[in-house]
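Structure file protein02.txt (compact mmCIF, C-alpha atoms) follows.
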# COMPACT_ATOMS: atom_id res chain seq x y z
CA MET A 1 5.89 -8.39 -5.80
CA HIS A 2 3.06 -7.43 -3.52
CA THR A 3 0.96 -4.40 -4.32
CA HIS A 4 -0.08 -1.98 -1.63
CA ALA A 5 -3.71 -2.32 -2.70
CA ALA A 6 -3.71 -5.80 -1.17
CA ARG A 7 -2.50 -4.56 2.20
CA PRO A 8 -4.69 -3.29 5.00
CA GLN A 9 -5.17 0.47 4.99
CA ALA A 10 -3.06 2.42 7.45
CA ARG A 11 -4.50 4.51 10.25
CA ARG A 12 -5.56 7.89 8.95
CA THR A 13 -4.59 9.76 12.10
CA ALA A 14 -0.94 8.68 12.04
CA LEU A 15 0.64 11.81 10.55
CA PRO A 16 1.64 13.64 13.77
CA ARG A 17 3.21 10.47 15.16
CA ARG A 18 5.04 9.79 11.91
CA ALA A 19 6.20 13.39 11.59
CA ALA A 20 7.78 13.19 15.04
CA GLN A 21 10.47 10.99 13.45
CA PHE A 22 11.86 13.91 11.46
CA ALA A 23 15.01 15.38 13.01
CA PHE A 24 14.56 18.80 11.40
CA PRO A 25 12.11 21.52 12.46
CA ALA A 26 8.62 22.17 11.15
CA SER A 27 8.77 25.88 10.41
CA THR A 28 6.34 28.33 11.96
CA ASP A 29 8.13 31.34 10.39
CA LEU A 30 5.18 32.70 8.43
CA SER A 31 5.23 35.81 6.26
CA PRO A 32 3.10 38.62 7.71
CA GLY A 33 1.52 38.93 4.27
CA THR A 34 0.09 35.42 4.27
CA GLU A 35 -3.51 36.34 5.02
CA ALA A 36 -3.56 38.94 2.26
CA ALA A 37 -2.03 36.41 -0.15
CA ARG A 38 -4.69 33.90 0.88
CA HIS A 39 -7.48 36.19 -0.31
CA HIS A 40 -5.55 37.31 -3.38
CA THR A 41 -5.00 33.80 -4.74
CA ILE A 42 -8.60 32.73 -4.17
CA GLN A 43 -9.78 35.83 -6.04
CA TRP A 44 -7.20 35.24 -8.77
CA LEU A 45 -8.19 31.61 -9.37
CA SER A 46 -11.88 32.49 -9.09
CA GLY A 47 -11.47 35.19 -11.72
CA PHE A 48 -10.40 32.56 -14.23
CA GLY A 49 -13.32 30.25 -13.40
CA VAL A 50 -11.32 27.58 -11.55
CA PHE A 51 -14.02 27.23 -8.89
CA ALA A 52 -17.58 26.34 -9.84
CA ASP A 53 -19.24 27.52 -6.63
CA HIS A 54 -18.71 28.71 -3.05
CA ALA A 55 -18.39 25.13 -1.79
CA SER A 56 -15.43 24.59 -4.11
CA VAL A 57 -13.77 27.75 -2.82
CA ALA A 58 -14.30 26.62 0.77
CA GLU A 59 -12.79 23.19 0.05
CA TYR A 60 -9.75 24.80 -1.59
CA ASP A 61 -9.34 27.33 1.21
CA ALA A 62 -9.30 24.59 3.86
CA LEU A 63 -6.10 23.23 2.31
CA ARG A 64 -4.29 26.50 3.17
CA PHE A 65 -1.84 26.63 0.29
CA ASP A 66 -1.28 30.25 1.28
CA VAL A 67 0.35 28.99 4.47
CA LEU A 68 2.72 26.88 2.39
CA ALA A 69 3.69 29.95 0.35
CA GLY A 70 4.03 32.04 3.51
CA LEU A 71 6.39 29.45 5.01
CA PHE A 72 8.35 29.12 1.76
CA TYR A 73 8.85 32.89 1.51
CA PRO A 74 8.69 34.27 5.05
CA ARG A 75 10.50 37.50 4.08
CA ALA A 76 8.28 38.21 1.07
CA THR A 77 5.17 40.37 1.26
CA GLY A 78 2.88 42.24 -1.11
CA ALA A 79 3.06 41.46 -4.83
CA ASP A 80 5.98 39.04 -4.36
CA LEU A 81 4.14 36.86 -1.87
CA ASP A 82 0.96 37.07 -3.93
CA LEU A 83 2.94 35.73 -6.88
CA GLY A 84 4.45 32.94 -4.79
CA SER A 85 1.02 32.04 -3.44
CA ASP A 86 -0.46 32.01 -6.95
CA LEU A 87 2.30 29.67 -8.13
CA VAL A 88 1.77 27.28 -5.22
CA GLY A 89 -2.01 27.38 -5.65
CA TRP A 90 -1.80 26.74 -9.38
CA TYR A 91 0.61 23.86 -8.78
CA PHE A 92 -1.91 22.02 -6.64
CA VAL A 93 -4.86 22.77 -8.91
CA PHE A 94 -2.83 21.40 -11.82
CA ASP A 95 -1.67 18.37 -9.83
CA ASP A 96 -5.22 17.46 -8.89
CA GLN A 97 -6.13 17.11 -12.58
CA PHE A 98 -4.20 13.83 -12.61
CA ASP A 99 -5.77 12.10 -9.60
CA GLY A 100 -8.56 10.60 -11.70
CA GLU A 101 -8.82 8.99 -15.12
CA LEU A 102 -6.59 11.55 -16.82
CA GLY A 103 -3.56 10.48 -14.77
CA SER A 104 -3.63 7.05 -16.42
CA ARG A 105 -3.99 8.32 -19.99
CA PRO A 106 -0.48 9.14 -21.23
CA GLU A 107 -1.58 10.56 -24.58
CA ALA A 108 -4.04 12.94 -22.95
CA VAL A 109 -1.42 13.95 -20.36
CA ALA A 110 1.10 14.61 -23.14
CA GLY A 111 -1.46 16.81 -24.87
CA LEU A 112 -2.10 18.87 -21.76
CA VAL A 113 1.62 19.21 -21.07
CA ALA A 114 2.14 20.37 -24.67
CA ASP A 115 -0.57 23.00 -24.21
CA VAL A 116 1.16 24.39 -21.12
CA ILE A 117 4.56 24.35 -22.85
CA ARG A 118 3.04 26.23 -25.78
CA ILE A 119 2.22 29.06 -23.41
CA THR A 120 5.79 29.16 -22.12
CA ASP A 121 6.91 29.70 -25.73
CA GLU A 122 4.73 32.78 -26.22
CA ASP A 123 6.43 36.14 -26.43
CA LEU A 124 5.75 37.94 -23.16
CA ALA A 125 5.25 41.30 -24.82
CA HIS A 126 3.32 40.14 -27.90
CA GLY A 127 1.71 36.91 -26.80
CA ARG A 128 -1.91 36.00 -27.30
CA ALA A 129 -4.48 37.98 -25.39
CA GLY A 130 -5.94 34.68 -24.29
CA GLY A 131 -9.48 34.11 -23.19
CA ASP A 132 -10.39 30.84 -24.90
CA ASP A 133 -8.07 28.20 -23.47
CA GLY A 134 -10.11 27.48 -20.36
CA PRO A 135 -9.49 28.22 -16.66
CA LEU A 136 -6.37 26.10 -16.19
CA LEU A 137 -4.41 27.38 -19.16
CA GLU A 138 -5.61 30.98 -19.00
CA SER A 139 -4.60 31.25 -15.34
CA PHE A 140 -1.23 29.74 -16.21
CA ARG A 141 -0.74 32.23 -19.05
CA ASP A 142 -1.27 35.09 -16.62
CA LEU A 143 0.99 33.49 -14.01
CA TRP A 144 3.78 32.85 -16.51
CA ARG A 145 3.70 36.42 -17.77
CA ARG A 146 3.80 37.91 -14.28
CA ILE A 147 6.61 35.64 -13.10
CA ASN A 148 8.86 36.21 -16.11
CA SER A 149 8.26 39.84 -17.03
CA GLY A 150 11.28 42.01 -16.33
CA ARG A 151 13.51 39.14 -15.19
CA PRO A 152 17.06 38.64 -16.48
CA GLN A 153 17.27 36.23 -19.41
CA VAL A 154 19.64 33.92 -17.52
CA TRP A 155 17.03 33.57 -14.78
CA ARG A 156 14.17 33.10 -17.24
CA ASP A 157 16.09 30.30 -19.00
CA ARG A 158 16.75 28.61 -15.68
CA PHE A 159 13.14 28.91 -14.56
CA ARG A 160 11.80 27.55 -17.86
CA HIS A 161 14.21 24.59 -17.74
CA HIS A 162 13.00 23.66 -14.27
CA TRP A 163 9.39 24.16 -15.32
CA LEU A 164 9.71 21.84 -18.31
CA GLU A 165 11.27 19.14 -16.14
CA TYR A 166 8.28 19.46 -13.82
CA LEU A 167 5.73 19.26 -16.66
CA HIS A 168 7.30 16.28 -18.42
CA SER A 169 7.33 14.31 -15.16
CA TYR A 170 3.52 14.05 -15.33
CA HIS A 171 3.74 12.21 -18.64
CA ARG A 172 6.36 9.85 -17.23
CA GLU A 173 4.13 9.13 -14.21
CA ALA A 174 1.18 8.40 -16.49
CA LEU A 175 3.29 5.97 -18.49
CA GLU A 176 4.32 4.17 -15.30
CA ARG A 177 0.70 3.89 -14.16
CA THR A 178 -0.23 2.13 -17.38
CA GLY A 179 2.84 -0.13 -17.44
CA ALA A 180 4.22 1.50 -20.58
CA PRO A 181 7.97 2.07 -20.88
CA SER A 182 8.84 5.49 -19.47
CA GLY A 183 12.60 5.58 -19.76
CA ALA A 184 15.68 3.54 -19.06
CA GLY A 185 14.67 0.09 -17.93
CA GLY A 186 11.00 0.66 -18.69
CA ALA A 187 8.10 0.32 -16.32
CA ASP A 188 8.86 -3.35 -15.66
CA ALA A 189 12.27 -2.63 -14.10
CA PRO A 190 12.46 -3.25 -10.35
CA ARG A 191 11.25 -0.11 -8.59
CA SER A 192 13.35 1.30 -5.80
CA VAL A 193 13.36 4.41 -3.67
CA GLU A 194 16.04 5.84 -5.97
CA ASP A 195 13.82 5.12 -8.98
CA VAL A 196 11.02 7.05 -7.34
CA LEU A 197 13.35 9.92 -6.46
CA ALA A 198 14.60 10.20 -10.03
CA LEU A 199 11.08 11.10 -11.12
CA ARG A 200 9.74 12.81 -8.02
CA ARG A 201 12.64 15.29 -7.88
CA HIS A 202 10.94 16.83 -10.90
CA SER A 203 7.26 16.20 -10.18
CA ILE A 204 7.49 17.65 -6.67
CA GLY A 205 7.95 21.09 -8.25
CA VAL A 206 10.54 22.37 -5.77
CA GLN A 207 13.00 23.87 -8.22
CA PRO A 208 10.70 26.53 -9.71
CA CYS A 209 9.73 27.49 -6.15
CA LEU A 210 13.40 27.86 -5.25
CA ASP A 211 13.95 29.98 -8.35
CA LEU A 212 11.57 32.63 -7.02
CA ASN A 213 13.92 33.28 -4.12
CA GLU A 214 16.24 35.10 -6.52
CA PRO A 215 13.86 37.81 -7.81
CA PHE A 216 12.24 38.09 -4.38
CA GLY A 217 15.69 38.66 -2.88
CA GLY A 218 16.88 41.03 -5.59
CA TYR A 219 19.77 38.90 -6.88
CA THR A 220 20.52 36.42 -9.68
CA LEU A 221 23.00 33.62 -9.13
CA PRO A 222 25.46 33.11 -12.01
CA PRO A 223 24.98 29.77 -13.83
CA ALA A 224 28.39 28.44 -12.77
CA LEU A 225 27.57 28.99 -9.11
CA HIS A 226 23.95 27.84 -9.33
CA GLY A 227 24.84 24.66 -11.22
CA GLY A 228 28.16 23.91 -9.53
CA PHE A 229 29.12 22.10 -6.37
CA PRO A 230 27.83 22.33 -3.74
CA LEU A 231 24.66 24.32 -4.57
CA GLU A 232 23.50 21.81 -7.18
CA ARG A 233 23.78 18.96 -4.67
CA MET A 234 22.11 21.07 -1.99
CA ARG A 235 19.17 21.71 -4.32
CA GLU A 236 18.91 17.97 -4.91
CA ALA A 237 18.96 17.35 -1.17
CA THR A 238 16.16 19.91 -0.83
CA ASP A 239 14.16 17.99 -3.43
CA ASP A 240 14.72 14.73 -1.55
CA VAL A 241 13.74 16.08 1.86
CA VAL A 242 10.52 17.54 0.43
CA VAL A 243 9.75 14.33 -1.46
CA PHE A 244 10.28 12.15 1.60
CA THR A 245 8.29 14.52 3.81
CA ASN A 246 5.46 14.67 1.32
CA ASP A 247 5.42 10.91 0.86
CA ILE A 248 5.03 10.36 4.59
CA ALA A 249 2.45 13.15 4.93
CA SER A 250 0.38 11.98 1.95
CA LEU A 251 0.77 8.26 2.61
CA ASP A 252 -2.78 7.56 3.78
CA LYS A 253 -4.21 9.66 0.96
CA GLU A 254 -2.20 7.78 -1.65
CA LEU A 255 -3.04 4.41 -0.16
CA ALA A 256 -6.69 5.44 -0.42
CA VAL A 257 -6.48 6.42 -4.09
CA GLY A 258 -4.04 3.68 -5.13
CA ASP A 259 -1.21 5.88 -6.38
CA VAL A 260 2.20 4.21 -6.54
CA HIS A 261 4.53 7.21 -6.81
CA ASN A 262 5.41 7.23 -3.14
CA SER A 263 8.78 6.24 -1.69
CA VAL A 264 7.21 4.79 1.47
CA ILE A 265 4.97 2.49 -0.54
CA VAL A 266 7.86 1.38 -2.75
CA GLN A 267 10.05 0.69 0.29
CA TRP A 268 7.21 -1.26 1.91
CA GLU A 269 6.70 -3.37 -1.22
CA ARG A 270 10.39 -4.16 -1.56
CA ALA A 271 11.33 -4.75 2.09
CA GLY A 272 8.10 -6.21 3.42
CA GLY A 273 7.43 -6.00 7.12
CA GLU A 274 5.20 -3.39 8.69
CA LEU A 275 4.19 -0.15 6.99
CA GLU A 276 5.65 1.85 9.87
CA ASP A 277 9.04 0.22 9.27
CA ALA A 278 8.99 1.73 5.78
CA VAL A 279 7.93 5.10 7.20
CA ARG A 280 10.85 5.00 9.63
CA HIS A 281 13.27 4.14 6.82
CA ILE A 282 12.13 7.08 4.67
CA ALA A 283 12.21 9.46 7.64
CA ASP A 284 15.79 8.36 8.32
CA LEU A 285 16.71 9.12 4.70
CA ALA A 286 15.14 12.58 4.99
CA ASN A 287 17.05 13.25 8.21
CA ALA A 288 20.34 12.19 6.60
CA ARG A 289 19.76 14.47 3.59
CA TYR A 290 18.88 17.41 5.84
CA ARG A 291 21.88 16.80 8.09
CA TRP A 292 24.19 16.77 5.04
CA PHE A 293 22.57 19.98 3.82
CA GLU A 294 23.27 21.81 7.10
CA GLU A 295 26.83 20.48 7.32
CA THR A 296 27.50 21.69 3.79
CA ALA A 297 25.83 25.06 4.44
CA ALA A 298 28.22 25.59 7.36
CA GLU A 299 31.18 25.06 5.02
CA LEU A 300 29.95 27.40 2.29
CA PRO A 301 31.39 30.70 3.60
CA ALA A 302 34.89 29.22 3.64
CA LEU A 303 34.43 27.71 0.19
CA LEU A 304 33.26 31.04 -1.20
CA ALA A 305 36.17 32.86 0.45
CA GLU A 306 38.65 30.42 -1.08
CA SER A 307 37.15 31.09 -4.52
CA GLY A 308 37.50 34.86 -4.08
CA ALA A 309 33.75 35.58 -4.00
CA ASP A 310 32.81 39.18 -3.29
CA PRO A 311 30.54 40.26 -0.41
CA ASP A 312 27.48 40.49 -2.67
CA THR A 313 27.95 36.88 -3.72
CA HIS A 314 28.31 35.79 -0.08
CA ARG A 315 25.03 37.53 0.75
CA ALA A 316 23.20 36.13 -2.28
CA VAL A 317 24.32 32.56 -1.55
CA ALA A 318 23.36 32.90 2.11
CA ARG A 319 19.87 34.06 1.09
CA TYR A 320 19.55 31.23 -1.40
CA VAL A 321 20.56 28.67 1.21
CA ASP A 322 17.97 30.17 3.54
CA GLY A 323 15.44 29.77 0.73
CA MET A 324 16.20 26.07 0.43
CA ARG A 325 15.93 25.68 4.20
CA HIS A 326 12.59 27.51 4.26
CA VAL A 327 11.23 25.14 1.60
CA MET A 328 12.23 22.01 3.54
CA THR A 329 11.07 23.13 6.98
CA GLY A 330 8.09 25.05 5.59
CA ASN A 331 6.80 22.03 3.72
CA LEU A 332 6.82 20.03 6.96
CA GLY A 333 5.19 22.86 8.86
CA TRP A 334 2.40 23.15 6.29
CA SER A 335 1.89 19.38 6.09
CA LEU A 336 1.00 19.35 9.78
CA ARG A 337 -1.49 22.21 9.35
CA THR A 338 -3.27 21.48 6.08
CA ALA A 339 -6.48 19.50 5.74
CA ARG A 340 -5.05 17.90 2.60
CA TYR A 341 -3.41 15.03 4.47
CA ASP A 342 -5.60 14.56 7.53
CA GLU A 343 -8.59 12.25 7.80
CA GLN A 344 -10.82 14.82 6.12
CA GLY A 345 -8.41 15.16 3.22
CA THR A 346 -8.16 11.41 2.77
CA GLU A 347 -11.94 11.08 2.77
CA ALA A 348 -12.19 13.84 0.16
CA VAL A 349 -10.37 11.71 -2.44
CA SER A 350 -11.50 8.23 -1.37
CA GLY A 351 -13.88 6.10 -3.36
CA GLY A 352 -12.91 7.72 -6.64
CA ARG A 353 -13.97 11.22 -5.63
CA GLN A 354 -11.98 14.08 -7.12
CA ARG A 355 -11.58 17.65 -6.01
CA PRO A 356 -14.20 20.03 -7.48
CA TRP A 357 -11.51 21.77 -9.57
CA ALA A 358 -10.01 18.50 -10.87
CA GLN A 359 -11.66 18.42 -14.30
CA LEU A 360 -10.66 21.73 -15.85
CA THR A 361 -9.01 20.33 -18.97
CA GLY A 362 -11.88 18.53 -20.70
CA ALA A 363 -9.39 15.73 -21.35
CA GLN A 364 -11.38 13.21 -19.30
CA SER A 365 -14.01 12.96 -21.99
CA VAL A 366 -11.63 12.93 -24.98
Would you put the structure from the file into structure tokens?
Amino acid sequence: MHTHAARPQARRTALPRRAAQFAFPASTDLSPGTEAARHHTIQWLSGFGVFADHASVAEYDALRFDVLAGLFYPRATGADLDLGSDLVGWYFVFDDQFDGELGSRPEAVAGLVADVIRITDEDLAHGRAGGDDGPLLESFRDLWRRINSGRPQVWRDRFRHHWLEYLHSYHREALERTGAPSGAGGADAPRSVEDVLALRRHSIGVQPCLDLNEPFGGYTLPPALHGGFPLERMREATDDVVVFTNDIASLDKELAVGDVHNSVIVQWERAGGELEDAVRHIADLANARYRWFEETAAELPALLAESGADPDTHRAVARYVDGMRHVMTGNLGWSLRTARYDEQGTEAVSGGRQRPWAQLTGAQSV
């Protein structure tokens, strides 16, 4: 099987043309609190020592993760949007830890994941005061406490379950990069788009973001509804649309750094032909998932009525469906605005360079 490293690099200015193949909108529905959240999250991360200097802050700010949060939660403002922005910002800071040597060291990745999980096990009211775990973990401890405090236990259990799936996916990715067995079939099994999706549905981090729609909206979905048909399948479709969108948006970046966890690259390796043929195939898959989502959303009111759902449940489900839609269209809208995936963003991680905040764990030297 050919590897993408042997193929000529794609044009770095191709994103707008590629994105035009999506048949769903790129949201511009931005929360009015986005600018305030932008400053809040930078101050929050800076307070924990995530950024070494003003240049690091400027590089982070150019990526506009606040816009992603503002598109995800266009009806949230104030403390809610600040919290959503902090979660999104921390996600990307954490993700960037794995772009270098650490991402190919499964034991070190497992150790870091275990450290984060340890924090999720702390009692919110009587947990450690913190202060000595370093910027990445101390900021997470504060984030975890703020997200979970005062929430219903059923929601907290759901959120933690989704969070653990997200964390463990980093270890599985590290195992795949080294060729070690990472699950059924092992790393030597033929890789397909579905194989990539099985992992990326967790590593993309969509589910914890969707969970925040419930406290922000003042409701909690019952487990049977949240985990039943069709909402469970709709959440999976949301994962897939975001994964496919992200894989097309980040394609040039991942070709530059040699990462293999990208559905476009896997499709290209398996089918051959031109890179843009693989892009078109993945865009078509995203369009089909989104179309199914909207068709199912249109049927939901009747399904709820048949089940005898009360008006509050109708309203909660409608808000949750809106939340999934905002994540899909907001991710595309942000991808076209951020510097993370343009030529500047690709250059920033080419030639082995890492982001200034990418070595917060100390694991690289272990």
Nearby residues (all atoms listed in the file) at most 9 Å from A:Asn148, same-chain spacing under 5 positions excluded, as a ChimeraX atom specification
/A:124,143,155-156,159
Surrounding residues of A:Ala55 excluding itself and chain neighbours under 4 positions, 12 Å, all atoms listed in the file, as a ChimeraX atom specification: /A:51,59-62,355-357
Closest pair table for stretch 249-327 of chain A residues within 12 Å of stretch 199-220 of chain A, only C-alpha atoms, as JSON lines:
{"residue": "A:Val260", "atom": "CA", "partner": "A:Arg200", "partner_atom": "CA", "distance": 11.5}
{"residue": "A:His261", "atom": "CA", "partner": "A:Arg200", "partner_atom": "CA", "distance": 7.7}
{"residue": "A:Asn262", "atom": "CA", "partner": "A:Arg200", "partner_atom": "CA", "distance": 8.6}
{"residue": "A:Ser263", "atom": "CA", "partner": "A:Arg200", "partner_atom": "CA", "distance": 9.2}
{"residue": "A:Asp312", "atom": "CA", "partner": "A:Tyr219", "partner_atom": "CA", "distance": 8.9}
{"residue": "A:Thr313", "atom": "CA", "partner": "A:Tyr219", "partner_atom": "CA", "distance": 9.0}
{"residue": "A:His314", "atom": "CA", "partner": "A:Tyr219", "partner_atom": "CA", "distance": 11.4}
{"residue": "A:Arg315", "atom": "CA", "partner": "A:Tyr219", "partner_atom": "CA", "distance": 9.4}
{"residue": "A:Ala316", "atom": "CA", "partner": "A:Tyr219", "partner_atom": "CA", "distance": 6.4}
{"residue": "A:Val317", "atom": "CA", "partner": "A:Tyr219", "partner_atom": "CA", "distance": 9.5}
{"residue": "A:Ala318", "atom": "CA", "partner": "A:Gly217", "partner_atom": "CA", "distance": 10.8}
{"residue": "A:Arg319", "atom": "CA", "partner": "A:Gly217", "partner_atom": "CA", "distance": 7.4}
{"residue": "A:Tyr320", "atom": "CA", "partner": "A:Asn213", "partner_atom": "CA", "distance": 6.6}
{"residue": "A:Val321", "atom": "CA", "partner": "A:Leu210", "partner_atom": "CA", "distance": 9.7}
{"residue": "A:Asp322", "atom": "CA", "partner": "A:Asn213", "partner_atom": "CA", "distance": 9.2}
{"residue": "A:Gly323", "atom": "CA", "partner": "A:Asn213", "partner_atom": "CA", "distance": 6.2}
{"residue": "A:Met324", "atom": "CA", "partner": "A:Leu210", "partner_atom": "CA", "distance": 6.6}
{"residue": "A:Arg325", "atom": "CA", "partner": "A:Leu210", "partner_atom": "CA", "distance": 10.0}
{"residue": "A:His326", "atom": "CA", "partner": "A:Leu210", "partner_atom": "CA", "distance": 9.6}
{"residue": "A:Val327", "atom": "CA", "partner": "A:Leu210", "partner_atom": "CA", "distance": 7.7}
Between atom CA of A:Thr41 and atom CA of A:Asn331 lies a distance of 18.7 Å
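The shortest atom-to-atom distance to A:Phe92, with only C-alpha atoms taken into account, belongs to A:Arg64 out of A:Arg105, A:Arg191, A:Arg270, A:Arg64.
Using only C-alpha atoms, the shortest contact distance between A:Met234 and any of A:Asp86, A:Glu35, A:Glu194, A:Glu294 is found at A:Glu294.
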request  = Show which residues sit within 12 Å of stretch 13-18 of chain A, as a VMD selection string. Count only C-alpha atoms, and ignore same-chain residues fewer than 6 positions away.
outcome  = chain A and resid 26 244 to 253 264 275 to 284 332 to 333 335 to 347
In terms of all atoms listed in the file, the residue from A:Ala305, A:Phe22, A:Leu167, A:Asp95 at minimal distance from A:Ala288 is A:Phe22
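Closest to A:Leu225 among A:Leu136, A:Leu303, A:Val67, A:Val241 is A:Leu303, based on all atoms listed in the file.
Distance check against A:Ala69 using only C-alpha atoms: of A:Val50, A:Val349, A:Pro223, A:Trp334, the minimum falls on A:Trp334.
The coordinates place atom CA of A:Asp240 at 8.6 Å from atom CA of A:Leu285.
Between atom CA of A:Arg146 and atom CA of A:Ser31 there is a distance of 20.7 Å.
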Using all atoms listed in the file, the shortest atom-to-atom distance to A:Gly33 among A:Ala52, A:Ala358, A:Ala58, A:Leu71 belongs to A:Leu71
